[in-house]
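J.: Dropping the structure in here first, questions after.
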Amino acid sequence: MTGRAVVKGVGHYLPARVVPNSEFEKTLDTTDEWIRSRSGIERRHFAAEGETTSDLATKAAQAALDDAGLRADQIDAIVLATSTADLTFPSAATMVQARLGMTSGYAFDVQAVCAGFVYALSNANALIVSGQAKRILVIGAETFSRIMDWTDRSTCVLFGDGAGALVLEAEESAGTPQDRGILAVDLNSDGRYRDLLYVDGGVSTHTTGYLRMQGNQVFRHAVEKLAQTAETALEKAGLHSADVDWIVPHQANIRIIQGTAKKMGLPMEKVVVTVQDHGNTSAASIPLALSVGKQRGQIQRGDLVVTEAIGGGLAWGAVVLRW
């Protein structure tokens with residue numbers, strides 16, 4: 001028998017404020033058509049004044065707990081992926097822990113930008129497989145609207161705020177590719193490319209900073225690296241692209257999503273797409289898409305799901321799981 005980390009519940013939360021592309025036409029030299037044609041994005045959500053990343057994360061976490069039929073005191077750990085935590089410290093995860101009323105266990109943040117949720121899933125899976133936890137809340141939450149340069153039309157129109165969460169639980173399985181749960185993980189990074197996507201400020205430089213991106217270069221790396229990491233994770237699981245029921249990719253740009261699916265030889269009918277409604281929510285985008293995909297009736301129990309993401313670092317990776 002083999003221990004697996006199995007998805008027991010999923011949920012998400014989006015701030016109330018919806019920002020259509022047309023809103024940017026008032027302040028920038030851009031149009032709805034320009035944004036749609038280059039990114040596929042039609043609208044995104046922005047957090048309200050005073051609404052923080054941990055606020056969004058807590059609501060998504062509670063939704064996932066409700067979906068799983070569990071209480072917070074039945075959770076052993078929280079792993080929260082974010083690049084926009086409320087404070088330098090303590091972690092946003094401990095804030096969520098307190099707000100959920102979870103007084104035992106442990107909680108910590110993971111920072112790998114847009115690849116953050118894949119890294120968080122990998123960490124949670126390792127904790128479960130090694131026996132250090134039975135049930136883990138894995139959350140991706142971001143308020144990227146706080147780090148936008150509103151004069152830079154190449155970046156500020158692409159990002160949004162939101163949160164998504166999964167509950168993972170340990171289960172004994174047969175140890176085959178037909179098991180439910182996380183079957184394989186592939187993680188990568190290459191710091192030589194850190195200048196392609198970064199924030200030009202931070203604690204040790206005494207500045208907050210804004211997001212900066214070389215979009216064309218990121219695009220070039222994204223399609224190749226995302227397809228490769230997905231194929232590697234599938235190979236580790238003893239599976240192939242033809243076995244995949246759903247790709248649930250990082251929702252950054254529809255052209256990257258289409259290019260990756262094509263490179264993997266999979267039709268867009270097998271891809272969960274939410275980028276048009278959420279924009280790029282960084283570490284929140286995959287759990288958001290998983291939750292929406294379940295709500296739509298796309299993702300069903302037993303489906304083979306591949307998630308993949310790339311973000312600043314550059315950091316990228318993929319997780320293969322059976323729902």
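Just so we're on the same page: first chain in the structure tokens is A, next is B, and so on; residues restart at 1 for each chain, and ligands are numbered from 1 in the order they show up.
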Mind dumping a table of every stretch 278-301 of chain A residue within 12 Å of stretch 65-74 of chain A, with the nearest atom pair and its distance in Å to one decimal, using only C-alpha atoms, sorted by chain and rising number, as JSON lines?
T.:
```
{"residue": "A:Ser291", "atom": "CA", "partner": "A:Asp67", "partner_atom": "CA", "distance": 10.1}
{"residue": "A:Lys294", "atom": "CA", "partner": "A:Asp67", "partner_atom": "CA", "distance": 10.9}
{"residue": "A:Gln295", "atom": "CA", "partner": "A:Asp67", "partner_atom": "CA", "distance": 11.0}
```
J.: At what distance in Å, to one decimal, does atom CA of A:Lys270 lie from atom CA of A:Ser285?
T.: 17.2 Å
J.: So, counting only C-alpha atoms, which residue among A:Glu142, A:Asp86, A:Asp76, A:Asp109 is closest to A:Ser282?
T.: A:Glu142
J.: Could you check the closest approach to A:Ala64 for each of A:Pro287, A:Gln228, A:Ser130, A:Gly11 and tell me which residue wins, using only C-alpha atoms?
T.: A:Gly11
J.: Could you list, with a cut-off of 8 Å and counting only C-alpha atoms, the residues of stretch 60-176 of chain A near stretch 313-319 of chain A, each shown with its nearest atom pair and the distance in Å rounded to one decimal, rows sorted by chain and ascending number, as JSON lines?
T.:
```
{"residue": "A:Ala112", "atom": "CA", "partner": "A:Ala315", "partner_atom": "CA", "distance": 6.4}
{"residue": "A:Val113", "atom": "CA", "partner": "A:Ala315", "partner_atom": "CA", "distance": 7.8}
{"residue": "A:Ala115", "atom": "CA", "partner": "A:Trp316", "partner_atom": "CA", "distance": 5.5}
{"residue": "A:Val118", "atom": "CA", "partner": "A:Ala318", "partner_atom": "CA", "distance": 6.3}
{"residue": "A:Tyr119", "atom": "CA", "partner": "A:Gly317", "partner_atom": "CA", "distance": 7.5}
{"residue": "A:Leu121", "atom": "CA", "partner": "A:Val319", "partner_atom": "CA", "distance": 7.8}
{"residue": "A:Ser122", "atom": "CA", "partner": "A:Val319", "partner_atom": "CA", "distance": 7.6}
```
J.: Residues at most 12 Å from A:Asp195, counting only C-alpha atoms, excluding those fewer than 5 positions away in the same chain, as a list of chain:residue names?
T.: A:Asp190, A:Asp200, A:Leu211, A:Arg212, A:Met213, A:Gln214, A:Gly215, A:Gln217, A:Val218, A:Gly311, A:Gly312, A:Gly313, A:Leu314
J.: I need the residues from that last selection saved to file as a tab-separated table (two decimals), in the first residue's frame (with N, CA and C atoms), if you can.
T.:
```
chain	number	residue	atom	x	y	z
A	190	ASP	N	15.33	28.63	-12.26
A	190	ASP	CA	16.59	29.06	-12.86
A	190	ASP	C	16.74	30.55	-12.62
A	200	ASP	N	10.50	45.56	-8.25
A	200	ASP	CA	11.72	46.36	-8.06
A	200	ASP	C	11.77	47.01	-6.68
A	211	LEU	N	5.66	45.68	-9.89
A	211	LEU	CA	5.93	44.54	-10.76
A	211	LEU	C	6.51	45.02	-12.09
A	212	ARG	N	7.57	44.35	-12.53
A	212	ARG	CA	8.19	44.63	-13.82
A	212	ARG	C	8.31	43.32	-14.60
A	213	MET	N	8.03	43.37	-15.89
A	213	MET	CA	8.05	42.15	-16.67
A	213	MET	C	8.49	42.41	-18.11
A	214	GLN	N	9.33	41.50	-18.62
A	214	GLN	CA	9.65	41.48	-20.04
A	214	GLN	C	8.74	40.43	-20.68
A	215	GLY	N	7.55	40.88	-21.07
A	215	GLY	CA	6.49	39.97	-21.49
A	215	GLY	C	6.86	39.01	-22.59
A	217	GLN	N	9.78	37.85	-23.48
A	217	GLN	CA	10.75	36.85	-23.02
A	217	GLN	C	10.08	35.81	-22.12
A	218	VAL	N	9.18	36.29	-21.25
A	218	VAL	CA	8.46	35.37	-20.37
A	218	VAL	C	7.62	34.41	-21.22
A	311	GLY	N	6.51	31.25	-13.05
A	311	GLY	CA	6.49	32.60	-12.49
A	311	GLY	C	7.88	33.14	-12.27
A	312	GLY	N	7.94	34.28	-11.62
A	312	GLY	CA	9.21	34.96	-11.38
A	312	GLY	C	10.21	34.03	-10.71
A	313	GLY	N	11.46	34.20	-11.09
A	313	GLY	CA	12.52	33.37	-10.53
A	313	GLY	C	13.65	33.09	-11.53
A	314	LEU	N	13.31	32.55	-12.71
A	314	LEU	CA	12.06	31.90	-13.05
A	314	LEU	C	11.89	30.61	-12.25
```
J.: Need the shell around stretch 231-245 of chain A: protein/DNA/RNA residues with any atom at most 8 Å away, counting only C-alpha atoms. Skip same-chain ones fewer than 4 positions apart. Format as number ranges by chain?
T.: A: 177, 183-186, 227, 264-266, 270, 303-306, 318-320
